Every structure is written in structure tokens, then in C-alpha cells.
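What follows is one structure encoded as C-alpha cells, with my remarks underneath.
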Amino acid sequence: MAVETMRTCIYCGLDKTESEFSREHIWPDALGGDFLPPLFQTDDVCERCNSLAGRYVDGAFLKSWFGQAERSASGFEYLDLSANSKSVTPLHYMGVIADAPQETGDVYEMWVGPCGTHVIHAHSKDDDAAWQTYAGGDPVARKRLPGRVYITLTTTNPLWIALALRSVKAQFKKAARYIANAQLPPQWHNLASAFDPNDASQSKDLKVVDHLRDASRDGKFVRHSVAIKLDPDHRFLPKVALGLGYQLFGMKFIQTPYAGLLRRGMREIDPKAREKIPIYGTGFLNMAGPSMKVISFPGGWVLFLKAMKDKFALMIVTPSGKSMTIAISDTPSLWSGAEFDAYKDMGEFYVVVPPLATAVGPISAAVYLNHLLKHRSHPELAALEARRTDKASLPPCN
């Protein structure tokens, strides 16, 4: 009988059998991690840590109000409204509808799509209040109890309607979907279910739909309640740094004290305890830091790796130009070799554009900045820019 090889999981530090490991996207797949070079993926994470990181660490950032807003902004930079398009754009999460008639145990969320398409997502309330900061609630519960979606179209343009319906279908794959205010063309009948006012759940939901319709007709505001987590990236950043440190420097990095701090920061649930862990960096909501819009790439996530005298750091610039930083290592001997000269010089950039399923990099800092300053064009970046939407060319919503 063959004995399985044992390996160490870099996220939990435990030795486990070969069969317990799976591919981990250090940079999340939802943000284009599949399109980045192998530096941003690893096979040395156990399935349990992979699952927990996806749900509680990556998920806390991606499903936060801020993360969802960044993803939505990214999608609208690269709209494809052609007749044969299959593109979608993430919806913008507005929060829970606060002043509509609702029954105990139900949650009604408001989402907004292309051309202001209104989407109401009705689902059962999660038992754990911690999921209130996740757009859409507990992602595992939504797979089991996906709920019902009501779509109110706000345009008669068939191209905008097609984009809106594709986007809703992509956001709510398993939920029953209903069109609240229009007759769909035949090709879209497979997306929406026939509304049945005799169904108890739908009849109950209709009270909320009618309330919003009446408010819109009368020009009244509808209040939304959004539970916002003020540190959505505080476990996410240590996870990314821990994974990249391992990919860059190997097990000798994992054995350093700072890697142990990153692991603690990634795994610590209590925010107050996490604040006491001495990890170097600044989070998404660091208002005191300088704006990094000057090196942002509209619609894309910019990842910048730089070796300094005493720190090896990662800077992340979001599609809207906000920045996050994290020190990957504080052990200069790890990057003393010639293979790290590119990082020691000016650093290297990667640009990932999820709506286009594309990433570019590594690009030296000099080349990237010369492109942004229009001194010397970089062909791959120029190709991405050429696919960016000219807002003036878009058809009107109405």
C-alpha cells in the first residue's frame, strides 16, 4: 500500500496528505486571478484553507459594499452592447430596503444594473448577523436558498435591456427571476419565470415591488440600510502577502517570524485582536494616504511589487484609484539575489482587467509610467485601452 506524500499548507502551517491540497488563487479568481501569471496561484494550500479563505477572507472584501462597488465600476469601463455580445457587468449593491412592508424572516435587497435597472432580491434572513456586511448575505446559504429576483427595466433600448438581463442572470444564477414591468422578447423567456400572484411567496414579495413602484411614480425616496464593514481588507491583504511571499521566496520565507504574523492576521477573526498584530501596511479606507489615481488603470486592478531597503511590498490600486499596501517581507536577505533585481530597481507592475478576462505583466515601473505619461506606448496596455468604452458612443437609455 502506497503511503501518500505529506506537504505543508502555507495558510495553516499543518502537514497534510497530497490529496488534501488544491489550486489556490492568491489573487482572487473573481478579480481576474485566473489570467495572471503563475506567481499569483499556488498548489500548496489545503482544500479546507482554500474554502475558508474564499468564503471568509476573499469574500469579506469582494462582497463588502466597497468591493462590490469597485467591481461594478470596473465593468462599466468595458461595456459591449453589440447585438451578439455575451458580456455582463457586476450589479451595484444598494443595501436592504428599509421602509417597505416586509414580514419577519425575509430580507429585500436593492441592486442597480445598467441604465438604472432596479433589481429586488428577496431571500430568507441569515441566522448569523456577521453576513449582514456581505452583499447578498451568506454565499453558501444563497446556493441552497437562492430566493427570488424581481427586475424593473428602465429602458426600451434592446441593447441595454440585453446587457441588464445578462448581468442579472450572471449575478443570480439560481434564483427565480421575474420581470416586474415589461413583456420580454421570446429569446429572453428562458431567463424569467412566469409571475404567479397566487403563489404565497410571490404575493408577499409583490407588496414590496408595488411599494417601490409607487414611490418611483410619486417621486419619493426609498431608504436603504447598508451594513458596512470598515476593515473589509484586513484579512485579505495578509492572505495575499503570505501567498506571494511563498511564491517569491519559498519555504524559507514561510519560516520567518513576519510570515507567521501574516498568517495570524489572515486567520484572526476578532478585529481588535487583529489590530494588535504588527503587520506593515495601509488598508482600503486609509484616508490619510496619498491618492494613487495617477498610476491607476481605469477598469483594471493594478498590482505593484517593489523591493525596498528593508521591506518587500505590494501596492494594490483599485479601478477607482484607491490604494492598499502590505509588506510581504521584512527580511532583506530573501531578495538579495540577482533574480530580484527588477524589483529592487523600480519595481514591477501587473494590470488585470476582469471584464476583458485579461491581465498584462510583469511590466517594469519605467515602462508602465512612460505609457501612462504618453511618452512611449506599451502595446498590450494600448490594446486594452482601445477596448475601453467611449461613453459618448453609447446609445441613450431611453
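Going through the C-alpha cells in order, the chains are called A, B, and so on, while each chain numbers its residues from 1 and the ligands are numbered from 1 in the order shown.
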Each stretch 173-245 of chain A residue no farther than 8 Å from stretch 131-154 of chain A, nearest pair in Å, only C-alpha atoms, as a Markdown table:
```
| residue | atom | partner | partner_atom | distance |
| --- | --- | --- | --- | --- |
| A:Lys174 | CA | A:Pro146 | CA | 5.9 |
| A:Ala175 | CA | A:Pro146 | CA | 4.8 |
| A:Ala176 | CA | A:Arg148 | CA | 4.8 |
| A:Arg177 | CA | A:Val149 | CA | 4.6 |
| A:Tyr178 | CA | A:Tyr150 | CA | 4.9 |
| A:Ile179 | CA | A:Ile151 | CA | 4.8 |
| A:Ala180 | CA | A:Thr152 | CA | 5.3 |
| A:Asn181 | CA | A:Thr152 | CA | 5.7 |
| A:Ala182 | CA | A:Leu153 | CA | 7.2 |
| A:Val209 | CA | A:Tyr150 | CA | 7.6 |
| A:Val226 | CA | A:Thr133 | CA | 7.6 |
| A:Ala227 | CA | A:Thr133 | CA | 5.0 |
| A:Ile228 | CA | A:Thr133 | CA | 5.5 |
| A:Lys229 | CA | A:Thr133 | CA | 5.9 |
```
Please dump the current selection as a short mmCIF file (atom, residue, chain, number, x, y, z; two decimals), in the first residue's frame; keep N, CA and C atoms.
```cif
data_model
loop_
_atom_site.label_atom_id
_atom_site.label_comp_id
_atom_site.auth_asym_id
_atom_site.auth_seq_id
_atom_site.Cartn_x
_atom_site.Cartn_y
_atom_site.Cartn_z
N LYS A 174 -29.13 31.03 -9.62
CA LYS A 174 -30.09 30.01 -9.23
C LYS A 174 -31.44 30.57 -8.78
N ALA A 175 -31.52 31.85 -8.56
CA ALA A 175 -32.77 32.44 -8.07
C ALA A 175 -33.83 32.43 -9.16
N ALA A 176 -35.10 32.34 -8.74
CA ALA A 176 -36.21 32.53 -9.67
C ALA A 176 -36.25 34.00 -10.04
N ARG A 177 -36.37 34.31 -11.34
CA ARG A 177 -36.29 35.69 -11.80
C ARG A 177 -37.59 36.08 -12.49
N TYR A 178 -38.08 37.29 -12.18
CA TYR A 178 -39.34 37.77 -12.73
C TYR A 178 -39.16 39.18 -13.26
N ILE A 179 -39.80 39.48 -14.37
CA ILE A 179 -39.82 40.84 -14.90
C ILE A 179 -41.06 41.53 -14.36
N ALA A 180 -40.85 42.66 -13.71
CA ALA A 180 -41.95 43.30 -12.99
C ALA A 180 -42.76 44.27 -13.85
N ASN A 181 -42.19 44.74 -14.96
CA ASN A 181 -42.88 45.83 -15.65
C ASN A 181 -42.83 45.76 -17.17
N ALA A 182 -42.55 44.59 -17.75
CA ALA A 182 -42.42 44.54 -19.20
C ALA A 182 -42.69 43.14 -19.72
N VAL A 209 -42.54 45.16 -4.20
CA VAL A 209 -42.39 45.64 -5.57
C VAL A 209 -43.33 46.82 -5.82
N VAL A 226 -27.50 49.88 4.77
CA VAL A 226 -26.31 49.13 4.38
C VAL A 226 -25.42 48.92 5.59
N ALA A 227 -25.12 47.66 5.90
CA ALA A 227 -24.19 47.34 6.98
C ALA A 227 -22.78 47.31 6.36
N ILE A 228 -21.94 48.24 6.80
CA ILE A 228 -20.62 48.40 6.20
C ILE A 228 -19.54 47.93 7.16
N LYS A 229 -18.67 47.07 6.66
CA LYS A 229 -17.51 46.62 7.43
C LYS A 229 -16.37 47.57 7.13
#
```
DSSP helix (DSSP H, G or I) residues within stretch 131-372 of chain A, listed as a ChimeraX atom specification:
/A:131-133,139-144,158-171,186-188,200-217,236-249,251-254,257-267,271-275,293-295,332-335,338-345,354-356,365-372
For the residues selected in the previous step, produce a file with C-alpha atoms as a compact mmCIF listing (two decimals), in the first residue's frame.
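Generated output (result.txt):
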```txt
# COMPACT_ATOMS: atom_id res chain seq x y z
CA TRP A 131 -23.34 38.10 6.99
CA GLN A 132 -25.09 41.47 7.02
CA THR A 133 -21.89 43.08 5.75
CA PRO A 139 -22.96 32.95 -0.20
CA VAL A 140 -23.30 29.30 0.84
CA ALA A 141 -26.87 29.84 2.07
CA ARG A 142 -27.72 31.58 -1.21
CA LYS A 143 -26.71 28.48 -3.14
CA ARG A 144 -29.12 26.42 -1.01
CA PRO A 158 -32.97 46.42 -26.70
CA LEU A 159 -29.16 46.56 -26.37
CA TRP A 160 -29.33 47.98 -22.82
CA ILE A 161 -32.10 45.51 -21.93
CA ALA A 162 -29.96 42.61 -23.14
CA LEU A 163 -26.97 43.76 -21.04
CA ALA A 164 -29.18 44.24 -17.98
CA LEU A 165 -30.78 40.80 -18.27
CA ARG A 166 -27.46 39.04 -18.89
CA SER A 167 -25.99 40.79 -15.86
CA VAL A 168 -28.91 39.84 -13.61
CA LYS A 169 -28.69 36.24 -14.80
CA ALA A 170 -24.96 36.16 -14.03
CA GLN A 171 -25.44 37.72 -10.55
CA PRO A 186 -39.16 35.49 -26.96
CA GLN A 187 -35.39 34.97 -26.78
CA TRP A 188 -35.39 36.02 -23.11
CA ALA A 200 -47.65 32.80 -1.34
CA SER A 201 -44.03 33.95 -1.60
CA GLN A 202 -44.57 35.94 -4.78
CA SER A 203 -47.74 37.55 -3.43
CA LYS A 204 -45.80 38.64 -0.35
CA ASP A 205 -42.95 39.98 -2.49
CA LEU A 206 -45.38 41.90 -4.66
CA LYS A 207 -46.15 44.25 -1.75
CA VAL A 208 -42.51 45.38 -1.78
CA VAL A 209 -42.39 45.64 -5.57
CA ASP A 210 -45.57 47.74 -5.57
CA HIS A 211 -44.23 49.96 -2.78
CA LEU A 212 -41.11 50.78 -4.79
CA ARG A 213 -43.08 51.31 -7.99
CA ASP A 214 -45.45 53.71 -6.23
CA ALA A 215 -42.55 55.60 -4.64
CA SER A 216 -40.90 55.97 -8.04
CA ARG A 217 -44.13 57.17 -9.64
CA PHE A 236 -7.47 39.77 2.68
CA LEU A 237 -4.19 41.72 2.48
CA PRO A 238 -2.21 39.39 4.81
CA LYS A 239 -3.51 36.40 2.82
CA VAL A 240 -2.32 37.85 -0.48
CA ALA A 241 1.04 38.82 1.05
CA LEU A 242 1.52 35.37 2.59
CA GLY A 243 0.80 33.64 -0.72
CA LEU A 244 3.02 35.96 -2.77
CA GLY A 245 5.84 35.73 -0.25
CA TYR A 246 5.82 31.95 -0.59
CA GLN A 247 5.71 32.11 -4.39
CA LEU A 248 8.60 34.59 -4.47
CA PHE A 249 10.87 33.20 -1.75
CA MET A 251 9.65 27.85 2.38
CA LYS A 252 12.49 29.94 3.82
CA PHE A 253 10.02 32.85 3.77
CA ILE A 254 7.28 30.80 5.47
CA PRO A 257 8.61 35.49 12.03
CA TYR A 258 6.90 38.04 9.76
CA ALA A 259 5.27 35.28 7.70
CA GLY A 260 3.88 33.98 10.99
CA LEU A 261 2.38 37.42 11.64
CA LEU A 262 0.79 37.44 8.19
CA ARG A 263 -0.72 34.02 8.89
CA ARG A 264 -2.11 35.27 12.19
CA GLY A 265 -3.51 38.37 10.51
CA MET A 266 -5.21 36.29 7.85
CA ARG A 267 -6.74 33.83 10.32
CA PRO A 271 -10.88 42.78 14.69
CA LYS A 272 -9.50 44.13 17.98
CA ALA A 273 -7.03 41.27 18.30
CA ARG A 274 -6.09 41.66 14.64
CA GLU A 275 -5.26 45.35 15.13
CA LYS A 293 -5.09 57.65 -9.17
CA VAL A 294 -2.02 58.77 -11.09
CA ILE A 295 -0.93 55.12 -11.52
CA PRO A 332 16.14 41.69 3.03
CA SER A 333 18.33 38.61 2.64
CA LEU A 334 15.40 36.91 0.88
CA TRP A 335 15.63 39.27 -2.10
CA ALA A 338 20.22 38.92 -8.84
CA GLU A 339 16.88 37.31 -9.76
CA PHE A 340 15.17 40.07 -7.77
CA ASP A 341 16.97 42.98 -9.46
CA ALA A 342 13.84 44.06 -11.34
CA TYR A 343 12.02 44.50 -8.03
CA LYS A 344 14.99 46.29 -6.44
CA ASP A 345 15.31 48.72 -9.33
CA PRO A 354 -11.65 41.18 -15.15
CA PRO A 355 -14.31 42.38 -17.66
CA LEU A 356 -11.93 41.55 -20.51
CA ALA A 365 7.83 50.59 -13.49
CA ALA A 366 9.66 52.76 -16.04
CA VAL A 367 7.77 51.23 -18.96
CA TYR A 368 4.41 51.43 -17.17
CA LEU A 369 4.85 55.06 -16.14
CA ASN A 370 6.11 56.04 -19.60
CA HIS A 371 2.94 54.57 -21.06
CA LEU A 372 0.68 56.40 -18.61
```
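Each of A:Cys115, A:Ile120, A:Leu81, A:Ile269 was checked against A:Tyr93 using only C-alpha atoms; the smallest atom-to-atom distance is that of A:Ile120.
Among the candidates A:Ser124, A:Ser364, A:Leu39, A:Pro90, the one nearest to A:Ala69 when counting only C-alpha atoms is A:Pro90.
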Report as a PDB file with C-alpha atoms, in the first residue's frame all protein, DNA and RNA residues lying within 10 Å of A:Lys16, evaluated on only C-alpha atoms, omitting residues in the same chain fewer than 3 positions from it.
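Saved file around_27.pdb follows:
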```pdb
ATOM      1  CA  GLU A   4       0.780   9.440   0.491  1.00  0.00           C
ATOM      2  CA  THR A   5       3.330  12.250   0.381  1.00  0.00           C
ATOM      3  CA  MET A   6       2.956  14.834   3.151  1.00  0.00           C
ATOM      4  CA  ARG A   7       3.117  18.560   2.440  1.00  0.00           C
ATOM      5  CA  THR A   8       2.793  21.732   4.490  1.00  0.00           C
ATOM      6  CA  CYS A   9      -0.120  24.081   3.879  1.00  0.00           C
ATOM      7  CA  GLY A  13       1.092  25.582   8.641  1.00  0.00           C
ATOM      8  CA  SER A  19      -4.746  14.547  -1.813  1.00  0.00           C
ATOM      9  CA  GLU A  20      -5.880  17.301   0.613  1.00  0.00           C
ATOM     10  CA  PHE A  21      -4.407  20.133  -1.500  1.00  0.00           C
ATOM     11  CA  VAL A  45      -2.824  25.340   0.140  1.00  0.00           C
ATOM     12  CA  CYS A  46      -5.066  22.641   1.595  1.00  0.00           C
TER      13      CYS A  46
END
```
Residues of stretch 38-96 of chain A classed as strand (DSSP E) by DSSP on the backbone are to be reported as a PyMOL selection string.
chain A and resi 41-46+92-96
Close residues, A:Val107 itself excluded, 9 Å, only C-alpha atoms, min 2 positions apart in chain, as a VMD selection string
chain A and resid 96 to 97 102 to 105 109 121 to 126
Keeping only N, CA and C atoms, write the selected residues to a file as a PDB file, in the first residue's frame.
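File produced: out-v5.pdb:
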```pdb
ATOM      1  N   VAL A  96     -30.221  46.864   1.989  1.00  0.00           N
ATOM      2  CA  VAL A  96     -31.528  46.292   2.312  1.00  0.00           C
ATOM      3  C   VAL A  96     -32.578  47.397   2.287  1.00  0.00           C
ATOM      4  N   ILE A  97     -33.705  47.127   1.639  1.00  0.00           N
ATOM      5  CA  ILE A  97     -34.801  48.101   1.585  1.00  0.00           C
ATOM      6  C   ILE A  97     -35.375  48.252   2.986  1.00  0.00           C
ATOM      7  N   GLN A 102     -42.515  44.416   4.994  1.00  0.00           N
ATOM      8  CA  GLN A 102     -41.785  43.147   4.990  1.00  0.00           C
ATOM      9  C   GLN A 102     -42.240  42.282   6.148  1.00  0.00           C
ATOM     10  N   GLU A 103     -42.167  40.983   5.955  1.00  0.00           N
ATOM     11  CA  GLU A 103     -42.522  40.039   7.001  1.00  0.00           C
ATOM     12  C   GLU A 103     -41.263  39.522   7.684  1.00  0.00           C
ATOM     13  N   THR A 104     -41.430  39.105   8.937  1.00  0.00           N
ATOM     14  CA  THR A 104     -40.299  38.607   9.719  1.00  0.00           C
ATOM     15  C   THR A 104     -39.632  37.431   9.012  1.00  0.00           C
ATOM     16  N   GLY A 105     -38.313  37.464   9.009  1.00  0.00           N
ATOM     17  CA  GLY A 105     -37.568  36.359   8.407  1.00  0.00           C
ATOM     18  C   GLY A 105     -37.186  36.584   6.964  1.00  0.00           C
ATOM     19  N   GLU A 109     -33.308  43.094  -0.761  1.00  0.00           N
ATOM     20  CA  GLU A 109     -32.156  43.922  -1.119  1.00  0.00           C
ATOM     21  C   GLU A 109     -32.423  44.647  -2.436  1.00  0.00           C
ATOM     22  N   HIS A 121     -33.872  41.631  -4.692  1.00  0.00           N
ATOM     23  CA  HIS A 121     -33.542  40.245  -4.364  1.00  0.00           C
ATOM     24  C   HIS A 121     -34.182  39.903  -3.019  1.00  0.00           C
ATOM     25  N   ALA A 122     -35.142  38.992  -3.046  1.00  0.00           N
ATOM     26  CA  ALA A 122     -35.837  38.556  -1.837  1.00  0.00           C
ATOM     27  C   ALA A 122     -35.274  37.205  -1.406  1.00  0.00           C
ATOM     28  N   HIS A 123     -34.860  37.116  -0.149  1.00  0.00           N
ATOM     29  CA  HIS A 123     -34.371  35.834   0.362  1.00  0.00           C
ATOM     30  C   HIS A 123     -34.549  35.786   1.868  1.00  0.00           C
ATOM     31  N   SER A 124     -34.389  34.602   2.428  1.00  0.00           N
ATOM     32  CA  SER A 124     -34.538  34.442   3.871  1.00  0.00           C
ATOM     33  C   SER A 124     -33.380  35.095   4.602  1.00  0.00           C
ATOM     34  N   LYS A 125     -33.658  35.579   5.803  1.00  0.00           N
ATOM     35  CA  LYS A 125     -32.635  36.256   6.596  1.00  0.00           C
ATOM     36  C   LYS A 125     -31.635  35.231   7.138  1.00  0.00           C
ATOM     37  N   ASP A 126     -30.361  35.587   7.107  1.00  0.00           N
ATOM     38  CA  ASP A 126     -29.323  34.686   7.634  1.00  0.00           C
ATOM     39  C   ASP A 126     -29.336  34.701   9.163  1.00  0.00           C
TER      40      ASP A 126
END
```
Find the residues around A:Arg388 up to 9 Å (only C-alpha atoms counted), leave out those fewer than 4 positions away in its own chain, and share them as an NGL selection string.
:A and (77-79 or 298-299 or 384)
Quote the spacing between atom CA of A:Gly281 and atom CA of A:Arg23 in Å to one decimal place.
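One can read the atom CA of A:Gly281 to atom CA of A:Arg23 distance as 26.8 Å.
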Considering only C-alpha atoms, can you say which of A:Gly32, A:Glu348, A:Phe297, A:Ser320 comes closest to A:Ala382?
A:Phe297
Extract, using only C-alpha atoms, all DNA, RNA and protein residues at most 10 Å from A:Asp29, discarding same-chain residues fewer than 4 positions from it, and format them as an NGL selection string.
:A and (24-25 or 33-36 or 41 or 54 or 58 or 354)
Could you write out that same residue set with N, CA and C atoms as a short mmCIF file (atom, residue, chain, number, x, y, z; two decimals), in the first residue's frame?
```
data_model
loop_
_atom_site.label_atom_id
_atom_site.label_comp_id
_atom_site.auth_asym_id
_atom_site.auth_seq_id
_atom_site.Cartn_x
_atom_site.Cartn_y
_atom_site.Cartn_z
N GLU A 24 -5.03 27.25 -5.33
CA GLU A 24 -5.49 28.47 -4.66
C GLU A 24 -5.12 29.68 -5.51
N HIS A 25 -6.11 30.55 -5.74
CA HIS A 25 -5.85 31.82 -6.41
C HIS A 25 -5.46 32.84 -5.33
N GLY A 33 -7.89 36.59 -11.16
CA GLY A 33 -6.72 35.82 -10.77
C GLY A 33 -6.35 34.71 -11.73
N ASP A 34 -7.33 34.20 -12.48
CA ASP A 34 -7.08 33.13 -13.44
C ASP A 34 -6.21 33.59 -14.61
N PHE A 35 -6.17 34.91 -14.85
CA PHE A 35 -5.50 35.42 -16.04
C PHE A 35 -4.10 35.95 -15.74
N LEU A 36 -3.73 35.96 -14.46
CA LEU A 36 -2.40 36.42 -14.07
C LEU A 36 -1.38 35.28 -14.19
N GLN A 41 -0.78 32.17 -8.26
CA GLN A 41 -1.51 30.96 -7.89
C GLN A 41 -0.54 30.00 -7.21
N GLY A 54 -11.69 31.57 0.73
CA GLY A 54 -12.62 32.07 -0.27
C GLY A 54 -13.88 32.65 0.33
N ASP A 58 -11.27 36.32 1.27
CA ASP A 58 -11.54 36.98 -0.01
C ASP A 58 -12.97 37.51 -0.03
N PRO A 354 -10.69 42.30 -15.17
CA PRO A 354 -11.65 41.18 -15.15
C PRO A 354 -12.70 41.22 -16.25
#
```
Using only C-alpha atoms, can you tell me which of A:Gly250, A:Gly321, A:Gly283, A:Gly347 comes closest to A:Asp44?
A:Gly250
Contact residues around A:Gln68 with only C-alpha atoms at 12 Å, ignoring same-chain residues under 5 positions, as a PyMOL selection string
chain A and resi 30-31+59-63+73-75+89-95+111-112+133-136+171+228+232+318-319
Could you save the residues just selected, with N, CA and C atoms, as a PDB file, in the first residue's frame?
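The new file again08.pdb reads:
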```pdb
ATOM      1  N   ALA A  30     -12.310  35.950  -8.846  1.00  0.00           N
ATOM      2  CA  ALA A  30     -13.361  36.929  -9.153  1.00  0.00           C
ATOM      3  C   ALA A  30     -12.792  38.265  -9.599  1.00  0.00           C
ATOM      4  N   LEU A  31     -11.520  38.525  -9.290  1.00  0.00           N
ATOM      5  CA  LEU A  31     -10.862  39.761  -9.719  1.00  0.00           C
ATOM      6  C   LEU A  31      -9.848  39.498 -10.828  1.00  0.00           C
ATOM      7  N   GLY A  59     -13.909  36.669   0.430  1.00  0.00           N
ATOM      8  CA  GLY A  59     -15.320  37.031   0.378  1.00  0.00           C
ATOM      9  C   GLY A  59     -15.639  38.283   1.164  1.00  0.00           C
ATOM     10  N   ALA A  60     -14.985  38.484   2.308  1.00  0.00           N
ATOM     11  CA  ALA A  60     -15.254  39.664   3.135  1.00  0.00           C
ATOM     12  C   ALA A  60     -14.906  40.945   2.384  1.00  0.00           C
ATOM     13  N   PHE A  61     -13.896  40.886   1.523  1.00  0.00           N
ATOM     14  CA  PHE A  61     -13.548  42.064   0.718  1.00  0.00           C
ATOM     15  C   PHE A  61     -14.409  42.153  -0.533  1.00  0.00           C
ATOM     16  N   LEU A  62     -14.514  41.053  -1.281  1.00  0.00           N
ATOM     17  CA  LEU A  62     -15.241  41.075  -2.553  1.00  0.00           C
ATOM     18  C   LEU A  62     -16.714  41.401  -2.358  1.00  0.00           C
ATOM     19  N   LYS A  63     -17.307  40.870  -1.280  1.00  0.00           N
ATOM     20  CA  LYS A  63     -18.735  41.048  -1.042  1.00  0.00           C
ATOM     21  C   LYS A  63     -19.044  42.253  -0.158  1.00  0.00           C
ATOM     22  N   ALA A  73     -17.829  49.317 -10.920  1.00  0.00           N
ATOM     23  CA  ALA A  73     -17.172  50.399 -11.661  1.00  0.00           C
ATOM     24  C   ALA A  73     -16.272  49.838 -12.756  1.00  0.00           C
ATOM     25  N   SER A  74     -15.595  48.739 -12.457  1.00  0.00           N
ATOM     26  CA  SER A  74     -14.713  48.113 -13.438  1.00  0.00           C
ATOM     27  C   SER A  74     -15.495  47.659 -14.659  1.00  0.00           C
ATOM     28  N   GLY A  75     -16.660  47.051 -14.425  1.00  0.00           N
ATOM     29  CA  GLY A  75     -17.456  46.529 -15.530  1.00  0.00           C
ATOM     30  C   GLY A  75     -17.941  47.599 -16.479  1.00  0.00           C
ATOM     31  N   THR A  89     -21.990  42.901 -16.673  1.00  0.00           N
ATOM     32  CA  THR A  89     -21.328  43.832 -15.762  1.00  0.00           C
ATOM     33  C   THR A  89     -21.862  43.596 -14.357  1.00  0.00           C
ATOM     34  N   PRO A  90     -21.004  43.612 -13.329  1.00  0.00           N
ATOM     35  CA  PRO A  90     -21.496  43.413 -11.961  1.00  0.00           C
ATOM     36  C   PRO A  90     -22.517  44.476 -11.573  1.00  0.00           C
ATOM     37  N   LEU A  91     -23.535  44.062 -10.829  1.00  0.00           N
ATOM     38  CA  LEU A  91     -24.549  44.992 -10.350  1.00  0.00           C
ATOM     39  C   LEU A  91     -24.023  45.762  -9.151  1.00  0.00           C
ATOM     40  N   HIS A  92     -24.602  46.929  -8.917  1.00  0.00           N
ATOM     41  CA  HIS A  92     -24.206  47.747  -7.767  1.00  0.00           C
ATOM     42  C   HIS A  92     -25.163  47.467  -6.600  1.00  0.00           C
ATOM     43  N   TYR A  93     -24.590  47.136  -5.454  1.00  0.00           N
ATOM     44  CA  TYR A  93     -25.390  46.798  -4.275  1.00  0.00           C
ATOM     45  C   TYR A  93     -25.771  48.061  -3.513  1.00  0.00           C
ATOM     46  N   MET A  94     -27.070  48.245  -3.297  1.00  0.00           N
ATOM     47  CA  MET A  94     -27.567  49.442  -2.621  1.00  0.00           C
ATOM     48  C   MET A  94     -27.955  49.195  -1.168  1.00  0.00           C
ATOM     49  N   GLY A  95     -28.073  47.938  -0.771  1.00  0.00           N
ATOM     50  CA  GLY A  95     -28.422  47.626   0.612  1.00  0.00           C
ATOM     51  C   GLY A  95     -29.815  47.042   0.748  1.00  0.00           C
ATOM     52  N   TRP A 111     -30.550  46.157  -5.761  1.00  0.00           N
ATOM     53  CA  TRP A 111     -29.370  46.195  -6.613  1.00  0.00           C
ATOM     54  C   TRP A 111     -29.704  47.065  -7.827  1.00  0.00           C
ATOM     55  N   VAL A 112     -28.690  47.677  -8.421  1.00  0.00           N
ATOM     56  CA  VAL A 112     -28.905  48.520  -9.592  1.00  0.00           C
ATOM     57  C   VAL A 112     -28.007  48.032 -10.715  1.00  0.00           C
ATOM     58  N   THR A 133     -22.854  42.233   6.461  1.00  0.00           N
ATOM     59  CA  THR A 133     -21.891  43.083   5.753  1.00  0.00           C
ATOM     60  C   THR A 133     -21.533  42.514   4.384  1.00  0.00           C
ATOM     61  N   TYR A 134     -22.071  41.367   4.031  1.00  0.00           N
ATOM     62  CA  TYR A 134     -21.830  40.754   2.723  1.00  0.00           C
ATOM     63  C   TYR A 134     -22.975  41.128   1.784  1.00  0.00           C
ATOM     64  N   ALA A 135     -22.670  41.692   0.631  1.00  0.00           N
ATOM     65  CA  ALA A 135     -23.698  41.968  -0.365  1.00  0.00           C
ATOM     66  C   ALA A 135     -24.323  40.640  -0.800  1.00  0.00           C
ATOM     67  N   GLY A 136     -25.617  40.485  -0.508  1.00  0.00           N
ATOM     68  CA  GLY A 136     -26.292  39.237  -0.826  1.00  0.00           C
ATOM     69  C   GLY A 136     -26.318  38.240   0.316  1.00  0.00           C
ATOM     70  N   GLN A 171     -25.498  37.415 -11.990  1.00  0.00           N
ATOM     71  CA  GLN A 171     -25.439  37.716 -10.553  1.00  0.00           C
ATOM     72  C   GLN A 171     -26.255  36.728  -9.744  1.00  0.00           C
ATOM     73  N   ILE A 228     -21.940  48.242   6.799  1.00  0.00           N
ATOM     74  CA  ILE A 228     -20.616  48.399   6.197  1.00  0.00           C
ATOM     75  C   ILE A 228     -19.536  47.934   7.159  1.00  0.00           C
ATOM     76  N   PRO A 232     -12.725  45.720   5.526  1.00  0.00           N
ATOM     77  CA  PRO A 232     -13.007  44.564   4.670  1.00  0.00           C
ATOM     78  C   PRO A 232     -11.766  43.890   4.115  1.00  0.00           C
ATOM     79  N   THR A 318      -7.042  50.173  -6.948  1.00  0.00           N
ATOM     80  CA  THR A 318      -8.347  49.704  -7.410  1.00  0.00           C
ATOM     81  C   THR A 318      -8.755  50.419  -8.700  1.00  0.00           C
ATOM     82  N   PRO A 319      -9.809  49.930  -9.367  1.00  0.00           N
ATOM     83  CA  PRO A 319     -10.269  50.596 -10.599  1.00  0.00           C
ATOM     84  C   PRO A 319     -10.612  52.069 -10.414  1.00  0.00           C
TER      85      PRO A 319
END
```
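Note that atom CA of A:Met308 and atom CA of A:Met346 are 9.3 Å apart.
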